[in-house]
Amino acid sequence: MSVLVCPVRAAAWNVAAPTFRCCSWWHRGGGGGARAPFSTRAWYQMLLKQRGSGKAAGDGGKSILGPASPLGRQELLKVLEESLVHRDDALLAINKPPGLPVTGKPGELTLLSLLLDLSQKLGLPQDLQVIRAAGKESSGLVLLSSCPNTIRHVHNFYIQSRRARNPTATYCAITTRIPETSEGEISTGLKLIQVEDFDLVVPVASPSHKSLQRKEVKKTLTRYKVLDSHEGCALLQLQPLTVFPSQLLVHLTLILSPALGDHIYSSRVGTVLGEPFLLPAESTLPRIQVLEDSLLKKLHLQQQHMHRLQLHLHLHQLRLPATGAFSSSTVLTAPLPPFFLRTLSLLGLALPQEENKEPGKTLKAFSPTQ
(Lines give C-alpha, C1' and ligand atoms only; values in the text may rest on other atoms or scores of the structure.)
Protein backbone atom coordinates (compact mmCIF):
# COMPACT_ATOMS: atom_id res chain seq x y z
CA MET A 1 0.00 0.00 0.00
CA SER A 2 1.52 3.32 -0.98
CA VAL A 3 0.48 6.87 -0.27
CA LEU A 4 2.08 10.13 -1.27
CA VAL A 5 3.39 12.05 1.72
CA CYS A 6 4.89 15.44 0.93
CA PRO A 7 6.95 16.90 3.77
CA VAL A 8 6.94 20.67 3.72
CA ARG A 9 10.72 20.93 4.14
CA ALA A 10 11.72 17.98 1.99
CA ALA A 11 11.08 16.53 -1.43
CA ALA A 12 8.02 14.32 -1.99
CA TRP A 13 8.55 10.66 -1.30
CA ASN A 14 6.50 7.51 -1.55
CA VAL A 15 5.50 5.55 1.49
CA ALA A 16 2.54 3.98 2.16
CA ALA A 17 -18.18 40.54 1.47
CA PRO A 18 -21.89 40.25 0.62
CA THR A 19 -24.85 41.99 2.25
CA PHE A 20 -27.80 40.00 3.67
CA ARG A 21 -31.17 41.42 4.53
CA CYS A 22 -32.01 38.87 7.22
CA CYS A 23 -28.63 38.50 8.89
CA SER A 24 -27.20 41.56 10.57
CA TRP A 25 -24.18 39.53 11.76
CA TRP A 26 -22.50 40.09 8.41
CA HIS A 27 -23.07 43.85 8.59
CA ARG A 28 -21.49 44.05 12.04
CA GLY A 29 -18.55 41.75 11.31
CA GLY A 30 -19.69 38.87 13.47
CA GLY A 31 -19.15 40.32 16.90
CA GLY A 32 -22.33 42.15 17.81
CA GLY A 33 -24.71 39.43 18.99
CA ALA A 34 -25.55 38.19 22.47
CA ARG A 35 -22.72 36.20 23.95
CA ALA A 36 -23.45 32.86 25.50
CA PRO A 37 -21.94 31.55 28.71
CA PHE A 38 -19.58 28.67 28.12
CA SER A 39 -18.06 26.10 30.43
CA THR A 40 -15.38 23.91 28.88
CA ARG A 41 -15.67 21.47 31.81
CA ALA A 42 -19.46 21.27 31.92
CA TRP A 43 -20.08 18.09 29.96
CA TYR A 44 -17.06 16.27 31.40
CA GLN A 45 -18.06 17.04 34.99
CA MET A 46 -21.56 15.78 34.21
CA LEU A 47 -20.17 12.49 32.91
CA LEU A 48 -18.30 11.92 36.15
CA LYS A 49 -21.23 13.01 38.29
CA GLN A 50 -23.88 10.98 36.48
CA ARG A 51 -21.67 7.96 35.74
CA GLY A 52 -19.52 7.49 38.80
CA SER A 53 -17.87 4.44 37.30
CA GLY A 54 -15.84 6.72 35.04
CA LYS A 55 -12.89 6.76 37.46
CA ALA A 56 -9.64 5.08 36.63
CA ALA A 57 -7.61 3.41 39.34
CA GLY A 58 -4.76 5.51 40.67
CA ASP A 59 -5.86 8.65 38.80
CA GLY A 60 -7.65 10.50 41.58
CA GLY A 61 -10.96 10.33 39.72
CA LYS A 62 -9.65 12.46 36.83
CA SER A 63 -10.42 9.85 34.22
CA ILE A 64 -9.94 10.15 30.49
CA LEU A 65 -12.54 7.42 29.96
CA GLY A 66 -16.00 8.00 28.60
CA PRO A 67 -19.16 7.08 30.51
CA ALA A 68 -19.97 3.44 31.19
CA SER A 69 -23.35 3.95 29.51
CA PRO A 70 -24.66 6.64 27.12
CA LEU A 71 -26.06 9.89 28.48
CA GLY A 72 -29.83 10.33 28.34
CA ARG A 73 -31.74 13.01 26.47
CA GLN A 74 -31.99 15.49 29.34
CA GLU A 75 -28.34 14.99 30.29
CA LEU A 76 -27.22 15.68 26.74
CA LEU A 77 -29.43 18.76 26.50
CA LYS A 78 -27.81 20.12 29.65
CA VAL A 79 -24.37 19.41 28.25
CA LEU A 80 -25.13 21.18 24.95
CA GLU A 81 -26.80 24.10 26.70
CA GLU A 82 -23.62 24.75 28.68
CA SER A 83 -21.28 24.17 25.74
CA LEU A 84 -22.05 27.17 23.55
CA VAL A 85 -18.95 28.67 22.00
CA HIS A 86 -20.55 31.48 19.98
CA ARG A 87 -23.99 32.97 19.56
CA ASP A 88 -25.17 35.97 17.54
CA ASP A 89 -27.99 36.96 15.21
CA ALA A 90 -26.91 34.62 12.41
CA LEU A 91 -24.61 31.90 13.76
CA LEU A 92 -24.53 29.49 16.67
CA ALA A 93 -21.54 27.31 17.54
CA ILE A 94 -21.44 24.41 20.01
CA ASN A 95 -18.45 22.51 21.39
CA LYS A 96 -19.80 18.99 20.86
CA PRO A 97 -18.81 16.13 23.17
CA PRO A 98 -17.41 12.96 21.57
CA GLY A 99 -19.81 10.14 20.81
CA LEU A 100 -22.79 12.31 19.82
CA PRO A 101 -23.68 11.89 16.13
CA VAL A 102 -25.12 14.81 14.17
CA THR A 103 -27.55 12.62 12.23
CA GLY A 104 -28.76 9.04 12.53
CA LYS A 105 -31.65 6.66 12.09
CA PRO A 106 -35.17 7.59 13.27
CA GLY A 107 -35.43 7.22 17.02
CA GLU A 108 -31.69 7.54 17.64
CA LEU A 109 -30.37 10.24 19.95
CA THR A 110 -28.56 12.70 17.70
CA LEU A 111 -27.72 16.38 17.68
CA LEU A 112 -30.48 17.01 15.13
CA SER A 113 -33.03 15.18 17.30
CA LEU A 114 -32.08 17.49 20.21
CA LEU A 115 -32.07 20.76 18.27
CA LEU A 116 -35.76 21.61 18.75
CA ASP A 117 -35.62 21.19 22.53
CA LEU A 118 -32.27 23.00 22.67
CA SER A 119 -33.67 25.90 20.65
CA GLN A 120 -36.61 26.22 23.04
CA LYS A 121 -34.35 26.19 26.10
CA LEU A 122 -32.07 28.88 24.67
CA GLY A 123 -34.70 30.98 22.92
CA LEU A 124 -33.26 30.23 19.48
CA PRO A 125 -34.96 29.91 16.09
CA GLN A 126 -36.50 26.48 15.63
CA ASP A 127 -35.25 25.99 12.08
CA LEU A 128 -31.53 25.73 12.82
CA GLN A 129 -29.47 23.85 10.23
CA VAL A 130 -26.02 22.33 10.61
CA ILE A 131 -23.43 24.02 8.39
CA ARG A 132 -20.30 22.19 9.60
CA ALA A 133 -19.75 19.67 12.38
CA ALA A 134 -17.25 17.37 14.02
CA GLY A 135 -17.89 13.69 13.34
CA LYS A 136 -19.73 11.37 15.72
CA GLU A 137 -16.75 10.11 17.70
CA SER A 138 -14.87 13.42 17.50
CA SER A 139 -15.34 16.36 19.81
CA GLY A 140 -15.38 20.00 18.75
CA LEU A 141 -17.19 22.62 16.79
CA VAL A 142 -20.67 22.39 15.34
CA LEU A 143 -21.68 25.45 13.32
CA LEU A 144 -25.41 26.17 12.90
CA SER A 145 -27.64 28.87 11.44
CA SER A 146 -31.30 29.53 10.66
CA CYS A 147 -30.56 32.21 8.07
CA PRO A 148 -30.66 30.89 4.47
CA ASN A 149 -28.39 33.65 3.20
CA THR A 150 -25.81 33.00 5.89
CA ILE A 151 -25.91 29.25 5.24
CA ARG A 152 -25.49 29.81 1.50
CA HIS A 153 -22.66 32.30 2.01
CA VAL A 154 -20.69 30.08 4.40
CA HIS A 155 -21.22 26.98 2.23
CA ASN A 156 -19.95 28.86 -0.83
CA PHE A 157 -16.94 30.06 1.16
CA TYR A 158 -16.06 26.48 2.10
CA ILE A 159 -16.49 25.26 -1.48
CA GLN A 160 -14.27 28.03 -2.86
CA SER A 161 -11.68 27.42 -0.15
CA ARG A 162 -11.48 23.71 -0.99
CA ARG A 163 -11.02 24.50 -4.69
CA ALA A 164 -8.21 26.92 -3.79
CA ARG A 165 -6.74 24.39 -1.31
CA ASN A 166 -7.12 26.83 1.56
CA PRO A 167 -7.86 24.99 4.83
CA THR A 168 -10.92 26.11 6.77
CA ALA A 169 -10.92 23.49 9.54
CA THR A 170 -8.15 22.74 12.02
CA TYR A 171 -8.21 19.61 14.17
CA CYS A 172 -6.04 18.54 17.07
CA ALA A 173 -5.22 14.86 17.48
CA ILE A 174 -3.17 12.82 19.93
CA THR A 175 -1.43 9.92 18.22
CA THR A 176 0.10 6.75 19.63
CA ARG A 177 3.22 7.19 17.50
CA ILE A 178 5.28 10.11 16.23
CA PRO A 179 5.20 10.65 12.43
CA GLU A 180 8.54 10.24 10.69
CA THR A 181 8.38 13.79 9.30
CA SER A 182 7.36 16.76 11.42
CA GLU A 183 4.98 18.16 8.82
CA GLY A 184 3.69 17.33 5.39
CA GLU A 185 0.71 16.35 3.25
CA ILE A 186 -1.05 13.00 3.00
CA SER A 187 -2.61 12.40 -0.40
CA THR A 188 -4.46 9.24 -1.45
CA GLY A 189 -7.70 8.02 -2.94
CA LEU A 190 -10.37 6.79 -0.52
CA LYS A 191 -13.42 4.62 -1.04
CA LEU A 192 -16.17 3.09 1.09
CA ILE A 193 -16.51 -0.70 1.18
CA GLN A 194 -18.39 -3.24 3.23
CA VAL A 195 -16.36 -5.86 5.07
CA GLU A 196 -18.59 -8.37 6.86
CA ASP A 197 -20.89 -6.15 8.94
CA PHE A 198 -18.69 -3.04 8.77
CA ASP A 199 -18.82 -0.05 6.44
CA LEU A 200 -15.16 0.92 6.19
CA VAL A 201 -13.03 3.48 4.38
CA VAL A 202 -9.99 2.07 2.58
CA PRO A 203 -7.18 3.87 0.73
CA VAL A 204 -6.68 3.50 -3.01
CA ALA A 205 -3.13 4.47 -3.94
CA SER A 206 -3.67 4.79 -7.71
CA PRO A 207 -7.37 5.15 -8.49
CA SER A 208 -8.38 4.65 -12.11
CA HIS A 209 -9.88 7.46 -14.11
CA LYS A 210 -13.13 5.51 -14.40
CA SER A 211 -13.39 4.93 -10.64
CA LEU A 212 -12.96 8.67 -10.07
CA GLN A 213 -15.51 9.51 -12.76
CA ARG A 214 -18.03 7.09 -11.27
CA LYS A 215 -17.26 8.61 -7.84
CA GLU A 216 -16.38 5.20 -6.46
CA VAL A 217 -13.10 6.71 -5.26
CA LYS A 218 -12.29 10.25 -4.20
CA LYS A 219 -8.89 11.89 -4.11
CA THR A 220 -8.23 13.22 -0.62
CA LEU A 221 -5.62 15.49 0.94
CA THR A 222 -4.70 16.39 4.52
CA ARG A 223 -1.97 18.67 5.84
CA TYR A 224 -0.42 17.74 9.15
CA LYS A 225 2.06 19.26 11.57
CA VAL A 226 3.55 17.86 14.76
CA LEU A 227 2.90 20.45 17.47
CA ASP A 228 4.59 18.50 20.25
CA SER A 229 5.97 15.02 20.89
CA HIS A 230 7.25 13.07 23.87
CA GLU A 231 8.27 9.46 24.47
CA GLY A 232 6.55 7.96 21.45
CA CYS A 233 3.31 10.00 21.39
CA ALA A 234 2.51 13.21 19.54
CA LEU A 235 0.06 16.09 19.36
CA LEU A 236 -0.80 16.82 15.73
CA GLN A 237 -2.50 19.65 13.92
CA LEU A 238 -4.59 18.35 11.02
CA GLN A 239 -6.09 20.43 8.22
CA PRO A 240 -8.22 18.46 5.74
CA LEU A 241 -8.39 19.99 2.28
CA THR A 242 -11.03 17.53 1.11
CA VAL A 243 -14.10 16.04 2.77
CA PHE A 244 -14.57 12.28 3.09
CA PRO A 245 -15.91 10.11 5.93
CA SER A 246 -13.15 9.08 8.37
CA GLN A 247 -10.57 10.83 6.20
CA LEU A 248 -8.39 11.98 9.09
CA LEU A 249 -8.38 8.65 10.92
CA VAL A 250 -7.45 6.72 7.78
CA HIS A 251 -4.78 9.25 6.82
CA LEU A 252 -3.21 8.98 10.28
CA THR A 253 -2.84 5.22 9.84
CA LEU A 254 -1.04 5.82 6.54
CA ILE A 255 1.71 7.72 8.38
CA LEU A 256 1.73 4.88 10.96
CA SER A 257 0.45 7.20 13.70
CA PRO A 258 -3.11 6.17 14.69
CA ALA A 259 -5.24 8.50 16.78
CA LEU A 260 -5.56 7.62 20.44
CA GLY A 261 -9.02 6.15 21.01
CA ASP A 262 -9.49 5.06 17.38
CA HIS A 263 -11.23 1.71 17.70
CA ILE A 264 -11.97 1.40 13.97
CA TYR A 265 -8.82 1.99 11.94
CA SER A 266 -5.92 1.76 14.41
CA SER A 267 -5.87 -2.04 13.97
CA ARG A 268 -4.39 -1.49 10.49
CA VAL A 269 -1.05 -0.51 12.05
CA GLY A 270 0.84 -3.55 13.29
CA THR A 271 4.20 -3.85 15.03
CA VAL A 272 7.13 -6.25 14.60
CA LEU A 273 10.09 -5.88 16.95
CA GLY A 274 8.90 -2.41 17.83
CA GLU A 275 8.66 -1.25 14.21
CA PRO A 276 5.23 -0.26 12.83
CA PHE A 277 3.90 -1.49 9.50
CA LEU A 278 0.61 -1.32 7.57
CA LEU A 279 -1.71 -4.31 7.47
CA PRO A 280 -4.02 -4.80 4.44
CA ALA A 281 -6.85 -2.32 4.87
CA GLU A 282 -9.52 -4.41 3.12
CA SER A 283 -9.00 -7.45 5.32
CA THR A 284 -8.22 -5.86 8.69
CA LEU A 285 -11.36 -5.64 10.81
CA PRO A 286 -11.96 -3.01 13.49
CA ARG A 287 -11.13 -3.88 17.08
CA ILE A 288 -10.71 -2.12 20.41
CA GLN A 289 -7.42 -0.26 20.26
CA VAL A 290 -4.51 -2.13 21.84
CA LEU A 291 -1.84 0.01 23.52
CA GLU A 292 1.63 -0.89 24.71
CA ASP A 293 1.97 -1.51 28.43
CA SER A 294 4.16 1.57 28.87
CA LEU A 295 1.49 3.81 27.34
CA LEU A 296 -1.30 2.22 29.39
CA LYS A 297 0.74 2.91 32.51
CA LYS A 298 1.16 6.60 31.59
CA LEU A 299 -2.60 6.90 31.06
CA HIS A 300 -3.44 5.05 34.31
CA LEU A 301 -5.47 2.55 32.29
CA GLN A 302 -5.82 -1.17 31.90
CA GLN A 303 -6.53 -2.81 28.55
CA GLN A 304 -9.95 -4.04 29.70
CA HIS A 305 -11.03 -0.39 30.04
CA MET A 306 -9.90 0.60 26.56
CA HIS A 307 -13.36 0.25 25.01
CA ARG A 308 -14.31 3.40 26.97
CA LEU A 309 -11.31 5.44 25.82
CA GLN A 310 -12.68 8.34 23.79
CA LEU A 311 -11.33 9.41 20.42
CA HIS A 312 -8.70 12.13 20.82
CA LEU A 313 -9.63 14.05 17.69
CA HIS A 314 -11.02 17.55 18.23
CA LEU A 315 -12.34 20.08 15.69
CA HIS A 316 -10.51 23.01 17.24
CA GLN A 317 -11.00 25.87 14.80
CA LEU A 318 -13.23 26.86 11.89
CA ARG A 319 -12.54 29.73 9.56
CA LEU A 320 -15.48 31.94 8.58
CA PRO A 321 -15.65 34.23 5.55
CA ALA A 322 -14.64 37.87 5.71
CA THR A 323 -17.40 40.36 6.44
CA GLY A 324 -18.04 43.97 5.61
CA ALA A 325 -16.35 45.10 8.81
CA PHE A 326 -13.28 42.86 8.51
CA SER A 327 -11.16 42.33 5.40
CA SER A 328 -9.64 39.14 6.80
CA SER A 329 -11.52 36.00 7.69
CA THR A 330 -12.72 35.17 11.19
CA VAL A 331 -11.59 32.14 13.20
CA LEU A 332 -13.95 30.41 15.60
CA THR A 333 -12.19 28.43 18.34
CA ALA A 334 -13.48 25.70 20.66
CA PRO A 335 -11.32 24.77 23.68
CA LEU A 336 -9.92 21.28 23.98
CA PRO A 337 -12.20 19.14 26.18
CA PRO A 338 -10.96 18.28 29.69
CA PHE A 339 -10.35 14.58 28.93
CA PHE A 340 -8.12 15.68 26.04
CA LEU A 341 -6.24 18.15 28.26
CA ARG A 342 -5.83 15.48 30.92
CA THR A 343 -4.32 13.10 28.37
CA LEU A 344 -1.90 15.80 27.19
CA SER A 345 -0.77 16.25 30.78
CA LEU A 346 -0.33 12.52 31.37
CA LEU A 347 1.74 12.16 28.19
CA GLY A 348 3.87 15.28 28.77
CA LEU A 349 2.43 17.08 25.73
CA ALA A 350 1.20 20.65 25.36
CA LEU A 351 -0.64 22.76 22.81
CA PRO A 352 1.56 25.72 21.79
CA GLN A 353 -0.11 29.02 22.61
CA GLU A 354 0.58 30.44 19.18
CA GLU A 355 -1.61 27.75 17.60
CA ASN A 356 -4.63 29.55 19.02
CA LYS A 357 -3.63 32.79 17.28
CA GLU A 358 -4.76 32.45 13.69
CA PRO A 359 -4.69 35.42 11.27
CA GLY A 360 -7.87 37.44 11.25
CA LYS A 361 -10.40 38.15 13.96
CA THR A 362 -10.60 35.29 16.47
CA LEU A 363 -13.83 34.40 18.23
CA LYS A 364 -12.95 32.19 21.20
CA ALA A 365 -15.16 30.55 23.76
CA PHE A 366 -16.90 32.97 26.08
CA SER A 367 -16.40 32.54 29.81
CA PRO A 368 -19.32 33.00 32.22
CA THR A 369 -17.76 36.24 33.49
CA GLN A 370 -17.81 37.96 30.12
# chains A, B, ... in the order shown; residues from 1 in each chain; ligands from 1

call {"tool": "residues_around", "arguments": {"residues": "Tyr265 (chain A)", "least_positions_apart": "3", "cutoff": "9 Å", "atoms": "only C-alpha atoms", "output": "list of chain:residue names"}}
result
A:Leu200, A:Val201, A:Leu249, A:Val250, A:Thr253, A:Pro258, A:Ala259, A:Asp262, A:Arg268, A:Val269, A:Ala281, A:Thr284, A:Leu285, A:Pro286, A:Arg287, A:Gln289

call {"tool": "select_by_dssp", "arguments": {"residues": "region 70-261 of chain A", "states": "helix (DSSP H, G or I)", "output": "PyMOL selection string"}}
result
chain A and resi 73-81+111-122+148-163+209-213+247-254

call {"tool": "residues_around", "arguments": {"residues": "region 310-319 of chain A", "least_positions_apart": "4", "cutoff": "8 Å", "atoms": "only C-alpha atoms", "output": "ChimeraX atom specification"}}
result
/A:64-66,98-99,134,137-141,168-174,259-262,329-336,340

call {"tool": "select_by_dssp", "arguments": {"residues": "region 38-282 of chain A", "states": "strand (DSSP E)", "output": "ChimeraX atom specification"}}
result
/A:84-87,92-96,129-133,139-145,169-175,183-195,198-204,218-230,233-240,269-272,275-278

call {"tool": "closest_residue", "arguments": {"among": "A:Thr220, A:Ser182, A:Thr103, A:Gln194", "to": "His251 (chain A)", "atoms": "only C-alpha atoms"}}
result
A:Thr220

call {"tool": "residues_around", "arguments": {"residues": "Val243 (chain A)", "least_positions_apart": "5", "cutoff": "10 Å", "atoms": "only C-alpha atoms", "output": "list in words"}}
result
Arg162, Lys218, Lys219, Thr220, Leu221, Thr222 and Leu248 of chain A

call {"tool": "closest_residue", "arguments": {"among": "A:Leu71, A:Gln129, A:Val79, A:Leu241", "to": "Ser161 (chain A)", "atoms": "only C-alpha atoms"}}
result
A:Leu241

call {"tool": "closest_residue", "arguments": {"among": "A:Glu275, A:Ile288, A:Arg214, A:Ile186", "to": "Leu238 (chain A)", "atoms": "only C-alpha atoms"}}
result
A:Ile186

call {"tool": "atom_distance", "arguments": {"atom1": "CA of Ala234 (chain A)", "atom2": "CA of Glu282 (chain A)"}}
result
26.9 Å

call {"tool": "closest_residue", "arguments": {"among": "A:Leu91, A:Lys121, A:Leu77, A:Leu128", "to": "His153 (chain A)", "atoms": "only C-alpha atoms"}}
result
A:Leu91

call {"tool": "atom_distance", "arguments": {"atom1": "CA of Gln247 (chain A)", "atom2": "CA of Leu235 (chain A)"}}
result
17.7 Å

call {"tool": "residues_around", "arguments": {"residues": "Ser208 (chain A)", "least_positions_apart": "4", "cutoff": "12 Å", "atoms": "only C-alpha atoms", "output": "list in words"}}
result
Gly189, Leu190, Val204, Leu212, Gln213, Arg214, Lys215, Glu216, Val217, Lys218 and Lys219 of chain A
